Every structure is written in structure tokens, then in C-alpha cells.
file start10.pdb (PDB, N, CA and C atoms and all ligand atoms)
ATOM      1  N   MET A  15     113.296 146.073  71.451
ATOM      2  CA  MET A  15     114.439 146.029  72.359
ATOM      3  C   MET A  15     115.755 145.941  71.590
ATOM      4  N   THR A  16     116.621 146.871  71.834
ATOM      5  CA  THR A  16     117.934 146.816  71.194
ATOM      6  C   THR A  16     118.883 145.992  72.049
ATOM      7  N   GLU A  17     118.448 145.729  73.240
ATOM      8  CA  GLU A  17     119.263 145.008  74.211
ATOM      9  C   GLU A  17     119.687 143.644  73.666
ATOM     10  N   MET A  18     118.807 143.082  72.886
ATOM     11  CA  MET A  18     119.045 141.759  72.364
ATOM     12  C   MET A  18     120.209 141.719  71.380
ATOM     13  N   LYS A  19     120.289 142.749  70.540
ATOM     14  CA  LYS A  19     121.298 142.742  69.489
ATOM     15  C   LYS A  19     122.641 143.276  69.965
ATOM     16  N   ALA A  20     122.587 144.171  70.926
ATOM     17  CA  ALA A  20     123.824 144.759  71.421
ATOM     18  C   ALA A  20     124.650 143.713  72.157
ATOM     19  N   PRO A  21     125.972 143.797  72.002
ATOM     20  CA  PRO A  21     126.814 142.841  72.729
ATOM     21  C   PRO A  21     126.738 143.077  74.227
ATOM     22  N   HIS A  22     126.866 142.034  74.961
ATOM     23  CA  HIS A  22     126.803 142.136  76.413
ATOM     24  C   HIS A  22     128.174 141.859  77.021
ATOM     25  N   GLU A  23     128.288 142.282  78.269
ATOM     26  CA  GLU A  23     129.565 142.083  78.944
ATOM     27  C   GLU A  23     129.724 140.641  79.401
ATOM     28  N   CYS A  24     130.893 140.120  79.147
ATOM     29  CA  CYS A  24     131.197 138.750  79.545
ATOM     30  C   CYS A  24     131.428 138.702  81.053
ATOM     31  N   PRO A  25     130.766 137.785  81.747
ATOM     32  CA  PRO A  25     130.967 137.682  83.204
ATOM     33  C   PRO A  25     132.368 137.185  83.565
ATOM     34  N   GLN A  26     133.066 136.649  82.583
ATOM     35  CA  GLN A  26     134.404 136.112  82.863
ATOM     36  C   GLN A  26     135.510 137.118  82.535
ATOM     37  N   CYS A  27     135.510 137.640  81.296
ATOM     38  CA  CYS A  27     136.592 138.548  80.914
ATOM     39  C   CYS A  27     136.135 140.006  80.885
ATOM     40  N   HIS A  28     134.837 140.238  81.080
ATOM     41  CA  HIS A  28     134.264 141.586  81.167
ATOM     42  C   HIS A  28     134.484 142.420  79.903
ATOM     43  N   ILE A  29     134.525 141.745  78.768
ATOM     44  CA  ILE A  29     134.589 142.454  77.500
ATOM     45  C   ILE A  29     133.227 142.322  76.828
ATOM     46  N   ASN A  30     132.798 143.381  76.193
ATOM     47  CA  ASN A  30     131.463 143.366  75.595
ATOM     48  C   ASN A  30     131.414 142.608  74.265
ATOM     49  N   THR A  31     131.602 141.328  74.339
ATOM     50  CA  THR A  31     131.549 140.528  73.121
ATOM     51  C   THR A  31     130.634 139.321  73.278
ATOM     52  N   VAL A  32     129.750 139.413  74.270
ATOM     53  CA  VAL A  32     128.845 138.287  74.496
ATOM     54  C   VAL A  32     127.657 138.369  73.546
ATOM     55  N   LYS A  33     127.474 137.302  72.814
ATOM     56  CA  LYS A  33     126.359 137.233  71.883
ATOM     57  C   LYS A  33     125.432 136.104  72.271
ATOM     58  N   ARG A  34     124.194 136.259  71.817
ATOM     59  CA  ARG A  34     123.197 135.233  72.110
ATOM     60  C   ARG A  34     123.320 134.097  71.113
ATOM     61  N   LEU A  35     123.565 132.910  71.603
ATOM     62  CA  LEU A  35     123.634 131.740  70.729
ATOM     63  C   LEU A  35     122.239 131.250  70.410
ATOM     64  N   SER A  36     121.469 131.063  71.443
ATOM     65  CA  SER A  36     120.073 130.679  71.292
ATOM     66  C   SER A  36     119.368 131.107  72.561
ATOM     67  N   VAL A  37     118.128 130.744  72.679
ATOM     68  CA  VAL A  37     117.359 131.191  73.843
ATOM     69  C   VAL A  37     118.050 130.791  75.143
ATOM     70  N   GLY A  38     118.486 131.798  75.871
ATOM     71  CA  GLY A  38     119.089 131.530  77.171
ATOM     72  C   GLY A  38     120.530 131.074  77.136
ATOM     73  N   ILE A  39     121.110 130.959  75.939
ATOM     74  CA  ILE A  39     122.509 130.536  75.831
ATOM     75  C   ILE A  39     123.333 131.683  75.275
ATOM     76  N   TRP A  40     124.400 132.011  75.966
ATOM     77  CA  TRP A  40     125.237 133.150  75.599
ATOM     78  C   TRP A  40     126.681 132.720  75.432
ATOM     79  N   LEU A  41     127.352 133.365  74.484
ATOM     80  CA  LEU A  41     128.737 132.996  74.201
ATOM     81  C   LEU A  41     129.587 134.251  74.060
ATOM     82  N   CYS A  42     130.721 134.229  74.768
ATOM     83  CA  CYS A  42     131.651 135.343  74.675
ATOM     84  C   CYS A  42     132.574 135.122  73.476
ATOM     85  N   GLY A  43     132.658 136.117  72.614
ATOM     86  CA  GLY A  43     133.483 135.995  71.423
ATOM     87  C   GLY A  43     134.965 136.146  71.719
ATOM     88  N   THR A  44     135.282 136.650  72.884
ATOM     89  CA  THR A  44     136.684 136.866  73.231
ATOM     90  C   THR A  44     137.304 135.654  73.922
ATOM     91  N   CYS A  45     136.691 135.229  75.023
ATOM     92  CA  CYS A  45     137.279 134.118  75.772
ATOM     93  C   CYS A  45     136.542 132.810  75.526
ATOM     94  N   GLY A  46     135.431 132.888  74.795
ATOM     95  CA  GLY A  46     134.712 131.658  74.471
ATOM     96  C   GLY A  46     133.883 131.120  75.618
ATOM     97  N   PHE A  47     133.688 131.930  76.631
ATOM     98  CA  PHE A  47     132.905 131.512  77.777
ATOM     99  C   PHE A  47     131.439 131.381  77.384
ATOM    100  N   LYS A  48     130.901 130.216  77.614
ATOM    101  CA  LYS A  48     129.509 129.945  77.263
ATOM    102  C   LYS A  48     128.719 129.781  78.550
ATOM    103  N   PHE A  49     127.606 130.454  78.620
ATOM    104  CA  PHE A  49     126.842 130.367  79.853
ATOM    105  C   PHE A  49     125.356 130.535  79.605
ATOM    106  N   ALA A  50     124.582 130.134  80.602
ATOM    107  CA  ALA A  50     123.136 130.258  80.518
ATOM    108  C   ALA A  50     122.714 131.588  81.103
ATOM    109  N   GLY A  51     121.755 132.203  80.458
ATOM    110  CA  GLY A  51     121.267 133.479  80.951
ATOM    111  C   GLY A  51     119.806 133.636  80.584
ATOM    112  N   GLY A  52     119.371 134.855  80.514
ATOM    113  CA  GLY A  52     117.982 135.093  80.159
ATOM    114  C   GLY A  52     117.762 134.884  78.678
ATOM    115  N   ALA A  53     116.497 134.877  78.292
ATOM    116  CA  ALA A  53     116.160 134.654  76.893
ATOM    117  C   ALA A  53     116.624 135.823  76.041
ATOM    118  N   TYR A  54     116.553 137.026  76.573
ATOM    119  CA  TYR A  54     116.882 138.211  75.789
ATOM    120  C   TYR A  54     118.050 138.995  76.356
ATOM    121  N   SER A  55     118.424 138.677  77.551
ATOM    122  CA  SER A  55     119.545 139.363  78.179
ATOM    123  C   SER A  55     120.275 138.376  79.074
ATOM    124  N   PRO A  56     121.613 138.389  79.019
ATOM    125  CA  PRO A  56     122.348 137.430  79.859
ATOM    126  C   PRO A  56     122.227 137.737  81.338
ATOM    127  N   ARG A  57     121.875 138.996  81.656
ATOM    128  CA  ARG A  57     121.802 139.360  83.068
ATOM    129  C   ARG A  57     120.370 139.330  83.537
ATOM    130  N   THR A  58     120.010 138.280  84.183
ATOM    131  CA  THR A  58     118.690 138.158  84.768
ATOM    132  C   THR A  58     118.839 137.515  86.123
ATOM    133  N   LYS A  59     117.734 137.415  86.774
ATOM    134  CA  LYS A  59     117.728 136.705  88.046
ATOM    135  C   LYS A  59     118.214 135.284  87.799
ATOM    136  N   LEU A  60     117.770 134.750  86.670
ATOM    137  CA  LEU A  60     118.161 133.401  86.288
ATOM    138  C   LEU A  60     119.659 133.315  86.061
ATOM    139  N   GLY A  61     120.202 134.350  85.403
ATOM    140  CA  GLY A  61     121.629 134.362  85.136
ATOM    141  C   GLY A  61     122.436 134.346  86.412
ATOM    142  N   GLU A  62     121.929 135.055  87.390
ATOM    143  CA  GLU A  62     122.623 135.077  88.669
ATOM    144  C   GLU A  62     122.576 133.716  89.335
ATOM    145  N   VAL A  63     121.454 133.065  89.178
ATOM    146  CA  VAL A  63     121.315 131.701  89.712
ATOM    147  C   VAL A  63     122.328 130.804  89.036
ATOM    148  N   ALA A  64     122.451 130.963  87.708
ATOM    149  CA  ALA A  64     123.375 130.142  86.938
ATOM    150  C   ALA A  64     124.809 130.393  87.381
ATOM    151  N   GLU A  65     125.102 131.665  87.599
ATOM    152  CA  GLU A  65     126.445 132.026  88.015
ATOM    153  C   GLU A  65     126.785 131.433  89.371
ATOM    154  N   ARG A  66     125.826 131.570  90.259
ATOM    155  CA  ARG A  66     126.020 131.033  91.599
ATOM    156  C   ARG A  66     126.205 129.522  91.529
ATOM    157  N   ALA A  67     125.384 128.908  90.683
ATOM    158  CA  ALA A  67     125.457 127.458  90.529
ATOM    159  C   ALA A  67     126.811 127.052  89.976
ATOM    160  N   ALA A  68     127.300 127.836  89.020
ATOM    161  CA  ALA A  68     128.583 127.527  88.398
ATOM    162  C   ALA A  68     129.704 127.640  89.422
ATOM    163  N   ARG A  69     129.601 128.640  90.261
ATOM    164  CA  ARG A  69     130.635 128.833  91.277
ATOM    165  C   ARG A  69     130.576 127.746  92.330
ATOM    166  N   ALA A  70     129.364 127.350  92.651
ATOM    167  CA  ALA A  70     129.190 126.338  93.690
ATOM    168  C   ALA A  70     129.440 124.941  93.153
ATOM    169  N   GLY A  71     129.612 124.840  91.844
ATOM    170  CA  GLY A  71     129.868 123.532  91.265
ATOM    171  C   GLY A  71     128.619 122.890  90.703
ATOM    172  N   VAL A  72     127.646 123.696  90.414
ATOM    173  CA  VAL A  72     126.382 123.272  89.799
ATOM    174  C   VAL A  72     125.709 122.112  90.542
ATOM    175  N   THR A  73     124.803 122.477  91.368
ATOM    176  CA  THR A  73     124.018 121.449  92.045
ATOM    177  C   THR A  73     122.911 120.999  91.114
ATOM    178  N   SER A  74     122.462 119.803  91.298
ATOM    179  CA  SER A  74     121.431 119.273  90.414
ATOM    180  C   SER A  74     120.132 120.050  90.558
ATOM    181  N   SER A  75     119.859 120.518  91.763
ATOM    182  CA  SER A  75     118.625 121.269  91.959
ATOM    183  C   SER A  75     118.685 122.604  91.236
ATOM    184  N   ALA A  76     119.851 123.221  91.243
ATOM    185  CA  ALA A  76     120.014 124.486  90.534
ATOM    186  C   ALA A  76     119.867 124.276  89.040
ATOM    187  N   MET A  77     120.413 123.173  88.554
ATOM    188  CA  MET A  77     120.300 122.877  87.136
ATOM    189  C   MET A  77     118.856 122.592  86.764
ATOM    190  N   ALA A  78     118.163 121.911  87.653
ATOM    191  CA  ALA A  78     116.750 121.612  87.408
ATOM    192  C   ALA A  78     115.959 122.915  87.378
ATOM    193  N   GLU A  79     116.318 123.809  88.267
ATOM    194  CA  GLU A  79     115.668 125.112  88.336
ATOM    195  C   GLU A  79     115.908 125.869  87.033
ATOM    196  N   LEU A  80     117.147 125.808  86.574
ATOM    197  CA  LEU A  80     117.521 126.468  85.327
ATOM    198  C   LEU A  80     116.757 125.898  84.144
ATOM    199  N   LYS A  81     116.744 124.582  84.073
ATOM    200  CA  LYS A  81     116.081 123.926  82.963
ATOM    201  C   LYS A  81     114.599 124.254  82.930
ATOM    202  N   ALA A  82     113.995 124.233  84.104
ATOM    203  CA  ALA A  82     112.569 124.525  84.196
ATOM    204  C   ALA A  82     112.297 125.957  83.760
ATOM    205  N   GLU A  83     113.146 126.850  84.233
ATOM    206  CA  GLU A  83     112.976 128.265  83.893
ATOM    207  C   GLU A  83     113.211 128.485  82.406
ATOM    208  N   LYS A  84     114.206 127.826  81.861
ATOM    209  CA  LYS A  84     114.518 127.974  80.443
ATOM    210  C   LYS A  84     113.388 127.417  79.592
ATOM    211  N   ALA A  85     112.859 126.299  80.034
ATOM    212  CA  ALA A  85     111.743 125.681  79.312
ATOM    213  C   ALA A  85     110.568 126.636  79.282
ATOM    214  N   ARG A  86     110.351 127.305  80.397
ATOM    215  CA  ARG A  86     109.265 128.281  80.469
ATOM    216  C   ARG A  86     109.512 129.440  79.501
ATOM    217  N   GLN A  87     110.763 129.855  79.435
ATOM    218  CA  GLN A  87     111.108 130.964  78.534
ATOM    219  C   GLN A  87     110.935 130.561  77.088
ATOM    220  N   VAL A  88     111.406 129.372  76.762
ATOM    221  CA  VAL A  88     111.285 128.875  75.392
ATOM    222  C   VAL A  88     109.817 128.768  75.020
ATOM    223  N   GLU A  89     109.052 128.280  75.961
ATOM    224  CA  GLU A  89     107.627 128.109  75.733
ATOM    225  C   GLU A  89     106.961 129.463  75.522
ATOM    226  N   ALA A  90     107.339 130.409  76.363
ATOM    227  CA  ALA A  90     106.763 131.746  76.268
ATOM    228  C   ALA A  90     107.130 132.389  74.933
ATOM    229  N   GLU A  91     108.375 132.167  74.517
ATOM    230  CA  GLU A  91     108.821 132.740  73.254
ATOM    231  C   GLU A  91     108.094 132.093  72.082
ATOM    232  N   ALA A  92     107.941 130.796  72.175
ATOM    233  CA  ALA A  92     107.245 130.059  71.127
ATOM    234  C   ALA A  92     105.796 130.502  71.053
ATOM    235  N   LYS A  93     105.208 130.701  72.209
ATOM    236  CA  LYS A  93     103.814 131.135  72.248
ATOM    237  C   LYS A  93     103.664 132.516  71.641
ATOM    238  N   ALA A  94     104.617 133.381  71.960
ATOM    239  CA  ALA A  94     104.587 134.741  71.430
ATOM    240  C   ALA A  94     104.693 134.717  69.914
ATOM    241  N   LYS A  95     105.521 133.804  69.404
ATOM    242  CA  LYS A  95     105.693 133.694  67.963
ATOM    243  C   LYS A  95     104.432 133.172  67.296
ATOM    244  N   THR A  96     103.894 132.113  67.859
ATOM    245  CA  THR A  96     102.709 131.514  67.253
ATOM    246  C   THR A  96     101.505 132.427  67.406
ATOM    247  N   ALA A  97     101.487 133.213  68.446
ATOM    248  CA  ALA A  97     100.366 134.124  68.655
ATOM    249  C   ALA A  97     100.331 135.174  67.554
ATOM    250  N   LYS A  98     101.522 135.554  67.101
ATOM    251  CA  LYS A  98     101.599 136.542  66.030
ATOM    252  C   LYS A  98     101.132 135.945  64.709
ATOM    253  N   ARG A  99     101.480 134.688  64.517
ATOM    254  CA  ARG A  99     101.045 134.021  63.296
ATOM    255  C   ARG A  99      99.613 133.550  63.452
ATOM    256  N   ARG A 100      99.197 132.837  62.444
ATOM    257  CA  ARG A 100      97.862 132.281  62.518
ATOM    258  C   ARG A 100      97.844 131.203  63.586
ATOM    259  N   ARG A 101      96.798 131.228  64.337
ATOM    260  CA  ARG A 101      96.714 130.232  65.392
ATOM    261  C   ARG A 101      96.325 128.885  64.820
ATOM    262  N   ARG A 102      97.126 127.941  65.148
ATOM    263  CA  ARG A 102      96.836 126.587  64.672
ATOM    264  C   ARG A 102      96.333 125.742  65.807
ATOM    265  N   LYS A 103      95.302 125.060  65.524
ATOM    266  CA  LYS A 103      94.810 124.140  66.544
ATOM    267  C   LYS A 103      95.662 122.887  66.490
ATOM    268  N   PRO A 104      96.010 122.386  67.639
ATOM    269  CA  PRO A 104      96.776 121.134  67.627
ATOM    270  C   PRO A 104      95.937 120.022  67.030
ATOM    271  N   LYS A 105      96.599 119.247  66.171
ATOM    272  CA  LYS A 105      95.863 118.177  65.508
ATOM    273  C   LYS A 105      95.378 117.154  66.520
ATOM    274  N   ALA A 106      94.118 116.896  66.437
ATOM    275  CA  ALA A 106      93.568 115.874  67.323
ATOM    276  C   ALA A 106      94.015 114.515  66.826
ATOM    277  N   GLU A 107      94.287 113.688  67.769
ATOM    278  CA  GLU A 107      94.739 112.359  67.379
ATOM    279  C   GLU A 107      93.634 111.610  66.657
ATOM    280  N   LYS A 108      94.048 110.925  65.616
ATOM    281  CA  LYS A 108      93.065 110.163  64.861
ATOM    282  C   LYS A 108      92.491 109.059  65.716
ATOM    283  N   GLU A 109      91.202 108.934  65.580
ATOM    284  CA  GLU A 109      90.573 107.873  66.354
ATOM    285  C   GLU A 109      90.948 106.522  65.767
ATOM    286  N   PRO A 110      91.236 105.622  66.621
ATOM    287  CA  PRO A 110      91.570 104.279  66.109
ATOM    288  C   PRO A 110      90.350 103.637  65.455
ATOM    289  N   ASP A 111      90.619 102.710  64.554
ATOM    290  CA  ASP A 111      89.519 102.045  63.859
ATOM    291  C   ASP A 111      88.582 101.331  64.830
ATOM    292  N   LYS A 112      89.217 100.683  65.759
ATOM    293  CA  LYS A 112      88.416  99.987  66.762
ATOM    294  C   LYS A 112      87.813 101.012  67.714
ATOM    295  N   THR A 113      86.689 100.677  68.189
ATOM    296  CA  THR A 113      86.110 101.523  69.229
ATOM    297  C   THR A 113      86.910 101.290  70.501
ATOM    298  N   ILE A 114      86.969 102.339  71.263
ATOM    299  CA  ILE A 114      87.779 102.249  72.472
ATOM    300  C   ILE A 114      87.300 101.105  73.370
ATOM    301  N   GLU A 115      88.270 100.351  73.724
ATOM    302  CA  GLU A 115      87.945  99.180  74.536
ATOM    303  C   GLU A 115      87.348  99.600  75.865
ATOM    304  N   GLU A 116      86.275  99.007  76.156
ATOM    305  CA  GLU A 116      85.648  99.315  77.428
ATOM    306  C   GLU A 116      86.164  98.391  78.508
ATOM    307  N   LYS A 117      86.283  98.991  79.635
ATOM    308  CA  LYS A 117      86.772  98.174  80.726
ATOM    309  C   LYS A 117      85.695  97.186  81.178
ATOM    310  N   THR A 118      86.099  95.993  81.280
ATOM    311  CA  THR A 118      85.147  94.994  81.780
ATOM    312  C   THR A 118      85.574  94.528  83.138
ATOM    313  N   ASP A 119      84.668  94.625  83.998
ATOM    314  CA  ASP A 119      84.986  94.202  85.355
ATOM    315  C   ASP A 119      84.764  92.711  85.540
TER     316      ASP A 119
HETATM  317 ZN    ZN B 201     134.729 136.576  77.844
END
call {"tool": "encode", "arguments": {"input": "start10.pdb", "output": "C-alpha cells"}}
result
Amino acid sequence: MTEMKAPHECPQCHINTVKRLSVGIWLCGTCGFKFAGGAYSPRTKLGEVAERAARAGVTSSAMAELKAEKARQVEAEAKAKTAKRRRRKPKAEKEPDKTIEEKTD
């Protein structure tokens, strides 16, 4: 996808100087407008939600929706990265020296 590297249009000043800061975070190089958008493109369904939320004054539910969606994107991206690399099994927690306490009634 070249979409990721190409500058995007700023929703505020409409100049194509929007760059991706990090996953889902976009910054306009002209007016400095920073906003949440998609992981690879600022214009997504999520971005529209963010825009609407920003205009409405950001409701907590919208922010929660954004955070949840962003977390999913970050997770998906992380999974895609790790899938390409060698798969690592998560380290199992070391068993404590003591045997697990049994519940006594
Ligand atoms: Zn701008």
C-alpha cells in the first residue's frame, strides 16, 4: 500500500501534509492539527467517528469506542508483525515453590 506513505489531506486546512505519527494518530505538517484516524489511512469509518466526536465535543462513549477500536487495530498490527516473525509462545508463569494452596472448607 502506497497509501500509508503518501501525505493525506488535512481535515482542518485541507492541505496534503498529513503524516502518520503512529498507529491511528495523524498530524498535519501545515496547521499542526493532530487527530485520530485509521491505522493506515486517516479516512476511515473510525476517523469519521472521531471527527463527529470532536465536533460534538467528544463524548466519553465516543472516546471509549475510539480507544477500543484503536486497541483492536494495534493488536491486529502487532499480530501481523509477530505472525511474520517467528512465533513465540508466551512464557508460562513460573510455578511457585509452594504447591498451590488448596481451598479448605
Ligand atoms: Zn492542516
call {"tool": "closest_atom_pairs", "arguments": {"input": "start10.pdb", "of": "chain A", "to": "ligand ZN 201 (chain B)", "cutoff": "5 Å", "atoms": "only N, CA and C atoms and all ligand atoms", "output": "JSON lines"}}
result
{"residue": "A:Cys24", "atom": "CA", "partner": "B:ZN201", "partner_atom": "ZN", "distance": 4.5}
{"residue": "A:Gln26", "atom": "C", "partner": "B:ZN201", "partner_atom": "ZN", "distance": 4.8}
{"residue": "A:Cys27", "atom": "N", "partner": "B:ZN201", "partner_atom": "ZN", "distance": 3.7}
{"residue": "A:His28", "atom": "N", "partner": "B:ZN201", "partner_atom": "ZN", "distance": 4.9}
{"residue": "A:Cys42", "atom": "CA", "partner": "B:ZN201", "partner_atom": "ZN", "distance": 4.6}
{"residue": "A:Thr44", "atom": "C", "partner": "B:ZN201", "partner_atom": "ZN", "distance": 4.8}
{"residue": "A:Cys45", "atom": "N", "partner": "B:ZN201", "partner_atom": "ZN", "distance": 3.7}
{"residue": "A:Gly46", "atom": "N", "partner": "B:ZN201", "partner_atom": "ZN", "distance": 4.8}
{"residue": "A:Phe47", "atom": "N", "partner": "B:ZN201", "partner_atom": "ZN", "distance": 4.9}
call {"tool": "resolve_selection", "arguments": {"input": "start10.pdb", "expression": "the PyMOL selection byres (((chain A and resi 35 and name CA) around 12) and not hetatm and name CA)", "output": "MDAnalysis selection string"}}
result
chainID A and resid 18:19 21 32:34 36:43 46:56
call {"tool": "write_last_selection", "arguments": {"input": "start10.pdb", "atoms": "N, CA and C atoms", "output": "compact mmCIF listing (two decimals), keeping the file's coordinate frame"}}
result
# COMPACT_ATOMS: atom_id res chain seq x y z
N MET A 18 118.81 143.08 72.89
CA MET A 18 119.04 141.76 72.36
C MET A 18 120.21 141.72 71.38
N LYS A 19 120.29 142.75 70.54
CA LYS A 19 121.30 142.74 69.49
C LYS A 19 122.64 143.28 69.96
N PRO A 21 125.97 143.80 72.00
CA PRO A 21 126.81 142.84 72.73
C PRO A 21 126.74 143.08 74.23
N VAL A 32 129.75 139.41 74.27
CA VAL A 32 128.84 138.29 74.50
C VAL A 32 127.66 138.37 73.55
N LYS A 33 127.47 137.30 72.81
CA LYS A 33 126.36 137.23 71.88
C LYS A 33 125.43 136.10 72.27
N ARG A 34 124.19 136.26 71.82
CA ARG A 34 123.20 135.23 72.11
C ARG A 34 123.32 134.10 71.11
N SER A 36 121.47 131.06 71.44
CA SER A 36 120.07 130.68 71.29
C SER A 36 119.37 131.11 72.56
N VAL A 37 118.13 130.74 72.68
CA VAL A 37 117.36 131.19 73.84
C VAL A 37 118.05 130.79 75.14
N GLY A 38 118.49 131.80 75.87
CA GLY A 38 119.09 131.53 77.17
C GLY A 38 120.53 131.07 77.14
N ILE A 39 121.11 130.96 75.94
CA ILE A 39 122.51 130.54 75.83
C ILE A 39 123.33 131.68 75.28
N TRP A 40 124.40 132.01 75.97
CA TRP A 40 125.24 133.15 75.60
C TRP A 40 126.68 132.72 75.43
N LEU A 41 127.35 133.36 74.48
CA LEU A 41 128.74 133.00 74.20
C LEU A 41 129.59 134.25 74.06
N CYS A 42 130.72 134.23 74.77
CA CYS A 42 131.65 135.34 74.68
C CYS A 42 132.57 135.12 73.48
N GLY A 43 132.66 136.12 72.61
CA GLY A 43 133.48 136.00 71.42
C GLY A 43 134.96 136.15 71.72
N GLY A 46 135.43 132.89 74.80
CA GLY A 46 134.71 131.66 74.47
C GLY A 46 133.88 131.12 75.62
N PHE A 47 133.69 131.93 76.63
CA PHE A 47 132.90 131.51 77.78
C PHE A 47 131.44 131.38 77.38
N LYS A 48 130.90 130.22 77.61
CA LYS A 48 129.51 129.94 77.26
C LYS A 48 128.72 129.78 78.55
N PHE A 49 127.61 130.45 78.62
CA PHE A 49 126.84 130.37 79.85
C PHE A 49 125.36 130.54 79.60
N ALA A 50 124.58 130.13 80.60
CA ALA A 50 123.14 130.26 80.52
C ALA A 50 122.71 131.59 81.10
N GLY A 51 121.76 132.20 80.46
CA GLY A 51 121.27 133.48 80.95
C GLY A 51 119.81 133.64 80.58
N GLY A 52 119.37 134.85 80.51
CA GLY A 52 117.98 135.09 80.16
C GLY A 52 117.76 134.88 78.68
N ALA A 53 116.50 134.88 78.29
CA ALA A 53 116.16 134.65 76.89
C ALA A 53 116.62 135.82 76.04
N TYR A 54 116.55 137.03 76.57
CA TYR A 54 116.88 138.21 75.79
C TYR A 54 118.05 139.00 76.36
N SER A 55 118.42 138.68 77.55
CA SER A 55 119.54 139.36 78.18
C SER A 55 120.28 138.38 79.07
N PRO A 56 121.61 138.39 79.02
CA PRO A 56 122.35 137.43 79.86
C PRO A 56 122.23 137.74 81.34
call {"tool": "atom_distance", "arguments": {"input": "start10.pdb", "atom1": "atom N of Arg99 (chain A)", "atom2": "CA of Lys81 (chain A)"}}
result
25.9 Å
call {"tool": "axis_aligned_box", "arguments": {"input": "start10.pdb", "around": "region 37-53 of chain A", "padding_each_side": "6 Å", "output": "JSON"}}
result
{"center_x": 126.7, "center_y": 133.3, "center_z": 76.3, "size_x": 33.1, "size_y": 19.1, "size_z": 21.7}
call {"tool": "atom_distance", "arguments": {"input": "start10.pdb", "atom1": "atom C of Ala67 (chain A)", "atom2": "CA of Ala82 (chain A)"}}
result
15.6 Å
call {"tool": "atom_distance", "arguments": {"input": "start10.pdb", "atom1": "CA of Glu107 (chain A)", "atom2": "atom N of Val88 (chain A)"}}
result
25.6 Å
